[in-house]
$ cat protein30.pdb   # PDB, C-alpha atoms
ATOM      1  CA  MET A1341     -53.241 -35.422   4.087
ATOM      2  CA  THR A1342     -55.772 -35.117   6.863
ATOM      3  CA  ASN A1343     -54.400 -31.889   8.407
ATOM      4  CA  ALA A1344     -54.160 -29.865   5.194
ATOM      5  CA  PRO A1345     -56.712 -27.103   4.642
ATOM      6  CA  ALA A1346     -59.119 -27.313   1.725
ATOM      7  CA  GLY A1347     -57.644 -26.141  -1.557
ATOM      8  CA  TRP A1348     -55.962 -27.025  -4.853
ATOM      9  CA  TYR A1349     -52.855 -29.232  -4.666
ATOM     10  CA  PRO A1350     -50.579 -30.805  -7.322
ATOM     11  CA  ASP A1351     -51.844 -34.214  -8.410
ATOM     12  CA  VAL A1352     -48.952 -36.668  -8.059
ATOM     13  CA  THR A1353     -50.750 -39.284 -10.160
ATOM     14  CA  ARG A1354     -51.154 -36.919 -13.152
ATOM     15  CA  PRO A1355     -48.186 -34.518 -13.628
ATOM     16  CA  GLY A1356     -49.197 -31.062 -14.853
ATOM     17  CA  THR A1357     -52.584 -31.108 -13.097
ATOM     18  CA  GLN A1358     -53.915 -30.243  -9.690
ATOM     19  CA  ARG A1359     -56.741 -31.737  -7.691
ATOM     20  CA  TYR A1360     -59.115 -30.293  -5.094
ATOM     21  CA  TRP A1361     -58.857 -31.380  -1.426
ATOM     22  CA  ASP A1362     -62.060 -30.542   0.479
ATOM     23  CA  GLY A1363     -60.347 -30.755   3.872
ATOM     24  CA  SER A1364     -61.201 -34.419   4.490
ATOM     25  CA  ALA A1365     -60.974 -36.210   1.097
ATOM     26  CA  TRP A1366     -59.927 -35.729  -2.537
ATOM     27  CA  THR A1367     -62.775 -34.760  -4.887
ATOM     28  CA  GLU A1368     -63.112 -35.737  -8.558
ATOM     29  CA  HIS A1369     -62.430 -32.065  -9.546
ATOM     30  CA  SER A1370     -59.093 -31.450 -11.296
ATOM     31  CA  GLN A1371     -57.641 -28.743 -13.528
ATOM     32  CA  PRO A1372     -54.359 -27.889 -15.265
ATOM     33  CA  LEU A1373     -51.615 -26.937 -12.831
ATOM     34  CA  VAL A1374     -51.348 -23.166 -12.447
ATOM     35  CA  GLN A1375     -47.951 -21.881 -11.402
ATOM     36  CA  ALA A1376     -48.842 -19.655  -8.507
ATOM     37  CA  ALA A1377     -46.554 -17.187  -6.891
ATOM     38  CA  SER A1378     -44.300 -18.774  -4.329
ATOM     39  CA  PRO A1379     -45.883 -18.659  -0.893
ATOM     40  CA  THR A1380     -42.469 -18.097   0.658
ATOM     41  CA  PRO A1381     -41.263 -14.506   0.770
ATOM     42  CA  VAL A1382     -38.856 -13.487  -1.949
ATOM     43  CA  LYS A1383     -35.331 -13.074  -0.695
ATOM     44  CA  ARG A1384     -34.232  -9.509  -1.180
ATOM     45  CA  SER A1385     -30.719  -8.736  -2.176
ATOM     46  CA  HIS A1386     -28.719  -6.581   0.202
ATOM     47  CA  ARG A1387     -26.266  -5.706  -2.533
ATOM     48  CA  GLY A1388     -27.660  -2.166  -2.777
ATOM     49  CA  TRP A1389     -26.907  -1.566   0.913
ATOM     50  CA  TRP A1390     -23.370  -2.891   0.475
ATOM     51  CA  ILE A1391     -22.805  -0.573  -2.481
ATOM     52  CA  ALA A1392     -24.225   2.405  -0.582
ATOM     53  CA  GLY A1393     -22.031   1.554   2.407
ATOM     54  CA  ALA A1394     -18.952   1.319   0.203
ATOM     55  CA  VAL A1395     -19.709   4.698  -1.411
ATOM     56  CA  ILE A1396     -20.200   6.353   1.990
ATOM     57  CA  ALA A1397     -16.985   4.788   3.296
ATOM     58  CA  ALA A1398     -15.110   6.032   0.212
ATOM     59  CA  LEU A1399     -16.518   9.537   0.695
ATOM     60  CA  LEU A1400     -15.250   9.519   4.279
ATOM     61  CA  ILE A1401     -11.874   7.913   3.631
ATOM     62  CA  VAL A1402     -10.803   9.703   0.420
ATOM     63  CA  PRO A1403     -10.694  13.241   1.968
ATOM     64  CA  ILE A1404      -8.668  11.884   4.896
ATOM     65  CA  LEU A1405      -6.191  10.233   2.534
ATOM     66  CA  ILE A1406      -5.912  13.417   0.465
ATOM     67  CA  GLY A1407      -5.253  15.385   3.648
ATOM     68  CA  ILE A1408      -2.551  12.933   4.694
ATOM     69  CA  VAL A1409      -0.878  13.113   1.282
ATOM     70  CA  VAL A1410      -1.045  16.913   1.161
ATOM     71  CA  ALA A1411       0.208  17.162   4.744
ATOM     72  CA  SER A1412       3.166  14.889   3.989
ATOM     73  CA  VAL A1413       4.432  17.200   1.228
ATOM     74  CA  PRO A1414       6.772  19.802   2.743
ATOM     75  CA  PRO A1415       5.641  23.416   2.248
ATOM     76  CA  GLU A1416       8.887  24.127   0.404
ATOM     77  CA  ALA A1417       7.662  21.938  -2.455
ATOM     78  CA  PHE A1418       4.894  24.467  -3.161
ATOM     79  CA  GLN A1419       7.244  27.450  -3.312
ATOM     80  CA  ALA A1420       8.634  28.134  -6.776
ATOM     81  CA  SER A1421      11.990  29.775  -7.080
ATOM     82  CA  ALA A1422      13.621  30.913 -10.279
ATOM     83  CA  PRO A1423      17.105  29.520 -10.898
ATOM     84  CA  GLN A1424      19.782  32.152 -10.520
ATOM     85  CA  ALA A1425      23.010  32.137 -12.437
ATOM     86  CA  PRO A1426      26.086  32.870 -10.320
ATOM     87  CA  VAL A1427      27.617  36.276 -10.928
ATOM     88  CA  ALA A1428      31.365  36.060 -11.286
ATOM     89  CA  ASP A1429      32.801  39.133  -9.605
ATOM     90  CA  GLN A1430      30.363  39.635  -6.769
ATOM     91  CA  ALA A1431      30.638  38.476  -3.214
ATOM     92  CA  GLU A1432      27.942  35.987  -2.312
ATOM     93  CA  GLU A1433      25.256  37.346  -0.025
ATOM     94  CA  PRO A1434      23.929  35.029   2.627
ATOM     95  CA  GLU A1435      20.559  33.558   1.808
ATOM     96  CA  PRO A1436      17.752  34.854   4.021
ATOM     97  CA  VAL A1437      16.524  32.191   6.424
ATOM     98  CA  GLU A1438      12.840  31.455   5.956
ATOM     99  CA  GLN A1439      10.887  30.981   9.122
ATOM    100  CA  ASP A1440       8.849  27.765   9.078
ATOM    101  CA  LEU A1441       5.266  28.928   9.631
ATOM    102  CA  GLY A1442       3.541  25.594   9.235
ATOM    103  CA  ASP A1443       0.970  24.692   6.617
ATOM    104  CA  PRO A1444      -2.665  25.876   6.485
ATOM    105  CA  VAL A1445      -3.872  22.454   5.302
ATOM    106  CA  MET A1446      -2.170  20.787   8.239
ATOM    107  CA  ALA A1447      -3.628  23.433  10.553
ATOM    108  CA  TRP A1448      -7.118  22.514   9.307
ATOM    109  CA  ILE A1449      -6.453  18.791   9.749
ATOM    110  CA  MET A1450      -5.193  19.354  13.291
ATOM    111  CA  CYS A1451      -8.328  21.407  14.098
ATOM    112  CA  GLN A1452     -10.541  18.612  12.752
ATOM    113  CA  GLU A1453      -8.741  16.027  14.881
ATOM    114  CA  GLU A1454      -9.074  18.165  18.009
ATOM    115  CA  MET A1455     -12.770  18.889  17.372
ATOM    116  CA  SER A1456     -13.428  15.196  16.655
ATOM    117  CA  SER A1457     -11.949  14.298  20.038
ATOM    118  CA  LEU A1458     -14.745  16.349  21.655
ATOM    119  CA  LEU A1459     -17.581  14.586  19.784
ATOM    120  CA  LYS A1460     -19.736  11.715  21.102
ATOM    121  CA  ALA A1461     -19.543   9.906  17.711
ATOM    122  CA  PRO A1462     -16.378  11.129  15.943
ATOM    123  CA  ALA A1463     -16.707   8.540  13.160
ATOM    124  CA  THR A1464     -19.864  10.334  11.981
ATOM    125  CA  ALA A1465     -18.148  13.740  11.717
ATOM    126  CA  GLY A1466     -18.582  15.653   8.465
ATOM    127  CA  TYR A1467     -16.538  18.836   8.046
ATOM    128  CA  PRO A1468     -16.921  21.547   5.392
ATOM    129  CA  LEU A1469     -14.762  21.598   2.307
ATOM    130  CA  SER A1470     -11.887  24.055   2.238
ATOM    131  CA  ASN A1471     -13.849  26.481   0.047
ATOM    132  CA  GLU A1472     -16.669  26.737   2.623
ATOM    133  CA  PHE A1473     -14.691  28.555   5.330
ATOM    134  CA  GLN A1474     -11.687  30.850   5.599
ATOM    135  CA  ILE A1475      -8.357  30.438   7.298
ATOM    136  CA  ARG A1476      -6.769  33.633   8.575
ATOM    137  CA  GLN A1477      -3.003  33.415   9.008
ATOM    138  CA  THR A1478      -0.899  35.692  11.182
ATOM    139  CA  GLU A1479       2.700  34.524  11.279
ATOM    140  CA  ASN A1480       2.529  30.947  12.584
ATOM    141  CA  LYS A1481      -1.090  31.240  13.841
ATOM    142  CA  TYR A1482      -4.059  29.993  11.856
ATOM    143  CA  ASP A1483      -7.559  31.080  12.921
ATOM    144  CA  MET A1484     -10.689  29.569  11.414
ATOM    145  CA  GLU A1485     -14.433  29.432  12.004
ATOM    146  CA  ALA A1486     -16.104  26.282  10.728
ATOM    147  CA  TRP A1487     -18.730  23.650  11.550
ATOM    148  CA  VAL A1488     -19.062  19.911  11.934
ATOM    149  CA  ASP A1489     -22.099  17.680  11.405
ATOM    150  CA  ALA A1490     -22.045  14.642  13.703
ATOM    151  CA  GLU A1491     -24.347  12.401  15.693
ATOM    152  CA  ASN A1492     -24.994  13.282  19.315
ATOM    153  CA  GLY A1493     -25.402  10.713  22.101
ATOM    154  CA  PHE A1494     -28.975   9.980  20.951
ATOM    155  CA  GLY A1495     -28.016   9.308  17.324
ATOM    156  CA  ALA A1496     -29.413  12.609  15.984
ATOM    157  CA  ASN A1497     -27.225  14.395  13.446
ATOM    158  CA  ILE A1498     -26.534  17.962  14.619
ATOM    159  CA  ARG A1499     -24.372  20.815  13.372
ATOM    160  CA  THR A1500     -21.903  22.371  15.790
ATOM    161  CA  TYR A1501     -20.103  25.589  14.947
ATOM    162  CA  PHE A1502     -16.616  26.050  16.340
ATOM    163  CA  GLY A1503     -13.638  28.340  16.264
ATOM    164  CA  CYS A1504     -10.128  26.974  16.103
ATOM    165  CA  ARG A1505      -6.682  28.466  16.547
ATOM    166  CA  ALA A1506      -3.766  26.345  15.406
ATOM    167  CA  VAL A1507      -0.298  27.577  16.357
ATOM    168  CA  TYR A1508       2.671  25.956  14.657
ATOM    169  CA  VAL A1509       5.537  25.639  17.148
ATOM    170  CA  GLY A1510       7.999  23.917  14.785
ATOM    171  CA  ASN A1511       9.219  20.373  14.227
ATOM    172  CA  GLU A1512       5.753  19.386  12.970
ATOM    173  CA  GLN A1513       4.282  20.227  16.390
ATOM    174  CA  TRP A1514       1.065  22.196  16.867
ATOM    175  CA  LYS A1515      -0.873  23.739  19.735
ATOM    176  CA  ILE A1516      -4.603  23.611  19.079
ATOM    177  CA  LEU A1517      -7.440  25.449  20.806
ATOM    178  CA  VAL A1518     -10.981  24.545  19.718
ATOM    179  CA  THR A1519     -13.979  26.503  21.013
ATOM    180  CA  PRO A1520     -17.485  25.189  20.131
ATOM    181  CA  HIS A1521     -20.190  27.871  20.027
ATOM    182  CA  ASP A1522     -23.831  28.333  18.944
ATOM    183  CA  SER A1523     -23.323  29.960  15.520
TER     184      SER A1523
END
$ encode --input "protein30.pdb" --output "structure tokens"
Amino acid sequence: MTNAPAGWYPDVTRPGTQRYWDGSAWTEHSQPLVQAASPTPVKRSHRGWWIAGAVIAALLIVPILIGIVVASVPPEAFQASAPQAPVADQAEEPEPVEQDLGDPVMAWIMCQEEMSSLLKAPATAGYPLSNEFQIRQTENKYDMEAWVDAENGFGANIRTYFGCRAVYVGNEQWKILVTPHDS
């Protein structure tokens, strides 16, 4: 043990004690072994980061899944109609044909997709909840003013305001116009 610095070391000849090394030889000084803190750094668990990552991923994925489920339900499913009993002696009138105007939820999803395609880091996009902006509908046109928080090319999170017009053209097809602006 010629290279070891001076200090207290466990005494292998007497378990439970330690002996003093003066840097060149063992001295007659000994004392009970003191359990010192480990000189190696304590390994830190990264479990907290994994949990935080899972929560953030869930917060990003759950709204998308809800949007997909809501968008897959046809608008007719949300329209209640009272059952009508047939009247015996009357000629049947033709049912009025409802024009398919699209769905406001789908309009919002299509606007998000179009706006995300303009972002530097679309995976970081955070859009407002449906109660934080308004959708104005005129026939098959949906106009909305909203915002998105996303990272720019330098990694800074910024808020971008945008206007969007979604026009439903039928057969689950949309025309989308997104216009980013200052506020």
$ residues_around --input "protein30.pdb" --residues "Gly1347 of chain A" --least-positions-apart "6" --cutoff "12 Å" --atoms "all atoms listed in the file" --output "PyMOL selection string"
chain A and resi 1341+1358-1367+1369-1370
$ atom_distance --input "protein30.pdb" --atom1 "atom CA of Ala1463 of chain A" --atom2 "atom CA of Thr1500 of chain A"
15.0 Å
$ atom_distance --input "protein30.pdb" --atom1 "atom CA of Ala1506 of chain A" --atom2 "atom CA of Tyr1482 of chain A"
5.1 Å
$ atom_distance --input "protein30.pdb" --atom1 "atom CA of Leu1400 of chain A" --atom2 "atom CA of Asn1492 of chain A"
18.3 Å
$ residues_around --input "protein30.pdb" --residues "Cys1504 of chain A" --least-positions-apart "5" --cutoff "7 Å" --atoms "all atoms listed in the file" --output "list in words"
Cys1451, Asp1483, Met1484, Glu1485, Leu1517, Val1518 and Thr1519 of chain A
$ closest_residue --input "protein30.pdb" --among "A:Ala1447, A:Ala1490, A:Ala1461, A:Ile1475" --to "Glu1512 of chain A" --atoms "only C-alpha atoms"
A:Ala1447
$ residues_around --input "protein30.pdb" --residues "Ala1486 of chain A" --least-positions-apart "6" --cutoff "9 Å" --atoms "only C-alpha atoms" --output "PDB file with C-alpha atoms, in the coordinates of the input"
ATOM      1  CA  TYR A1467     -16.538  18.836   8.046  1.00  0.00           C
ATOM      2  CA  PRO A1468     -16.921  21.547   5.392  1.00  0.00           C
ATOM      3  CA  GLU A1472     -16.669  26.737   2.623  1.00  0.00           C
ATOM      4  CA  PHE A1473     -14.691  28.555   5.330  1.00  0.00           C
ATOM      5  CA  GLN A1474     -11.687  30.850   5.599  1.00  0.00           C
ATOM      6  CA  THR A1500     -21.903  22.371  15.790  1.00  0.00           C
ATOM      7  CA  TYR A1501     -20.103  25.589  14.947  1.00  0.00           C
ATOM      8  CA  PHE A1502     -16.616  26.050  16.340  1.00  0.00           C
ATOM      9  CA  GLY A1503     -13.638  28.340  16.264  1.00  0.00           C
ATOM     10  CA  CYS A1504     -10.128  26.974  16.103  1.00  0.00           C
TER      11      CYS A1504
END
$ axis_aligned_box --input "protein30.pdb" --around "segment 1452-1471 of chain A" --padding-each-side "4 Å" --output "AutoDock Vina command-line options"
--center_x -14.3 --center_y 17.5 --center_z 10.9 --size_x 19.1 --size_y 25.9 --size_z 29.6
$ residues_around --input "protein30.pdb" --residues "Pro1403 of chain A" --least-positions-apart "3" --cutoff "12 Å" --atoms "only C-alpha atoms" --output "list of chain:residue names"
A:Ile1396, A:Ala1397, A:Ala1398, A:Leu1399, A:Leu1400, A:Ile1406, A:Gly1407, A:Ile1408, A:Val1409, A:Val1410, A:Ala1411, A:Val1445, A:Ile1449, A:Gly1466, A:Tyr1467, A:Pro1468, A:Leu1469, A:Ser1470
$ residues_around --input "protein30.pdb" --residues "Gly1442 of chain A" --least-positions-apart "6" --cutoff "12 Å" --atoms "only C-alpha atoms" --output "PyMOL selection string"
chain A and resi 1411-1416+1448+1450+1477-1482+1506-1515
$ closest_residue --input "protein30.pdb" --among "A:Pro1520, A:Pro1350, A:Gly1356, A:Pro1444" --to "Leu1458 of chain A" --atoms "all atoms listed in the file"
A:Pro1520
$ closest_residue --input "protein30.pdb" --among "A:Gly1393, A:Gly1388, A:Pro1372, A:Gly1493" --to "Thr1357 of chain A" --atoms "only C-alpha atoms"
A:Pro1372
$ closest_residue --input "protein30.pdb" --among "A:Glu1491, A:Asp1440, A:Arg1476, A:Trp1389" --to "Leu1459 of chain A" --atoms "all atoms listed in the file"
A:Glu1491
$ closest_residue --input "protein30.pdb" --among "A:Ala1346, A:Ala1465, A:Met1455, A:Met1446" --to "Ile1401 of chain A" --atoms "all atoms listed in the file"
A:Ala1465
$ build_atoms --input "protein30.pdb" --residues "segment 1450-1468 of chain A" --atoms "N, CA and C atoms" --output "mmCIF file, in the coordinates of the input"
data_model
loop_
_atom_site.group_PDB
_atom_site.id
_atom_site.type_symbol
_atom_site.label_atom_id
_atom_site.label_comp_id
_atom_site.auth_asym_id
_atom_site.auth_seq_id
_atom_site.Cartn_x
_atom_site.Cartn_y
_atom_site.Cartn_z
ATOM 1 N N MET A 1450 -5.381 19.411 11.841
ATOM 2 C CA MET A 1450 -5.193 19.354 13.291
ATOM 3 C C MET A 1450 -6.437 19.867 14.022
ATOM 4 N N CYS A 1451 -7.091 20.900 13.491
ATOM 5 C CA CYS A 1451 -8.328 21.407 14.098
ATOM 6 C C CYS A 1451 -9.439 20.357 14.016
ATOM 7 N N GLN A 1452 -9.535 19.667 12.887
ATOM 8 C CA GLN A 1452 -10.541 18.612 12.752
ATOM 9 C C GLN A 1452 -10.301 17.505 13.772
ATOM 10 N N GLU A 1453 -9.050 17.097 13.921
ATOM 11 C CA GLU A 1453 -8.741 16.027 14.881
ATOM 12 C C GLU A 1453 -9.103 16.447 16.304
ATOM 13 N N GLU A 1454 -8.776 17.684 16.651
ATOM 14 C CA GLU A 1454 -9.074 18.165 18.009
ATOM 15 C C GLU A 1454 -10.578 18.257 18.231
ATOM 16 N N MET A 1455 -11.316 18.779 17.239
ATOM 17 C CA MET A 1455 -12.770 18.889 17.372
ATOM 18 C C MET A 1455 -13.390 17.493 17.439
ATOM 19 N N SER A 1456 -12.899 16.567 16.641
ATOM 20 C CA SER A 1456 -13.428 15.196 16.655
ATOM 21 C C SER A 1456 -13.249 14.545 18.017
ATOM 22 N N SER A 1457 -12.171 14.889 18.716
ATOM 23 C CA SER A 1457 -11.949 14.298 20.038
ATOM 24 C C SER A 1457 -12.990 14.756 21.053
ATOM 25 N N LEU A 1458 -13.714 15.842 20.749
ATOM 26 C CA LEU A 1458 -14.745 16.349 21.655
ATOM 27 C C LEU A 1458 -16.130 15.782 21.352
ATOM 28 N N LEU A 1459 -16.273 15.068 20.217
ATOM 29 C CA LEU A 1459 -17.581 14.586 19.784
ATOM 30 C C LEU A 1459 -17.935 13.253 20.433
ATOM 31 N N LYS A 1460 -19.251 12.997 20.580
ATOM 32 C CA LYS A 1460 -19.736 11.715 21.102
ATOM 33 C C LYS A 1460 -19.515 10.600 20.079
ATOM 34 N N ALA A 1461 -19.694 10.901 18.776
ATOM 35 C CA ALA A 1461 -19.543 9.906 17.711
ATOM 36 C C ALA A 1461 -18.613 10.474 16.634
ATOM 37 N N PRO A 1462 -17.304 10.503 16.896
ATOM 38 C CA PRO A 1462 -16.378 11.129 15.943
ATOM 39 C C PRO A 1462 -16.357 10.487 14.564
ATOM 40 N N ALA A 1463 -16.710 9.207 14.468
ATOM 41 C CA ALA A 1463 -16.707 8.540 13.160
ATOM 42 C C ALA A 1463 -17.784 9.094 12.238
ATOM 43 N N THR A 1464 -18.784 9.781 12.803
ATOM 44 C CA THR A 1464 -19.864 10.334 11.981
ATOM 45 C C THR A 1464 -19.598 11.778 11.573
ATOM 46 N N ALA A 1465 -18.445 12.322 11.953
ATOM 47 C CA ALA A 1465 -18.148 13.740 11.717
ATOM 48 C C ALA A 1465 -18.041 14.054 10.227
ATOM 49 N N GLY A 1466 -18.684 15.137 9.832
ATOM 50 C CA GLY A 1466 -18.582 15.653 8.465
ATOM 51 C C GLY A 1466 -18.208 17.120 8.524
ATOM 52 N N TYR A 1467 -17.042 17.466 7.996
ATOM 53 C CA TYR A 1467 -16.538 18.836 8.046
ATOM 54 C C TYR A 1467 -16.742 19.513 6.692
ATOM 55 N N PRO A 1468 -16.757 20.847 6.675
ATOM 56 C CA PRO A 1468 -16.921 21.547 5.392
ATOM 57 C C PRO A 1468 -15.683 21.389 4.517
#
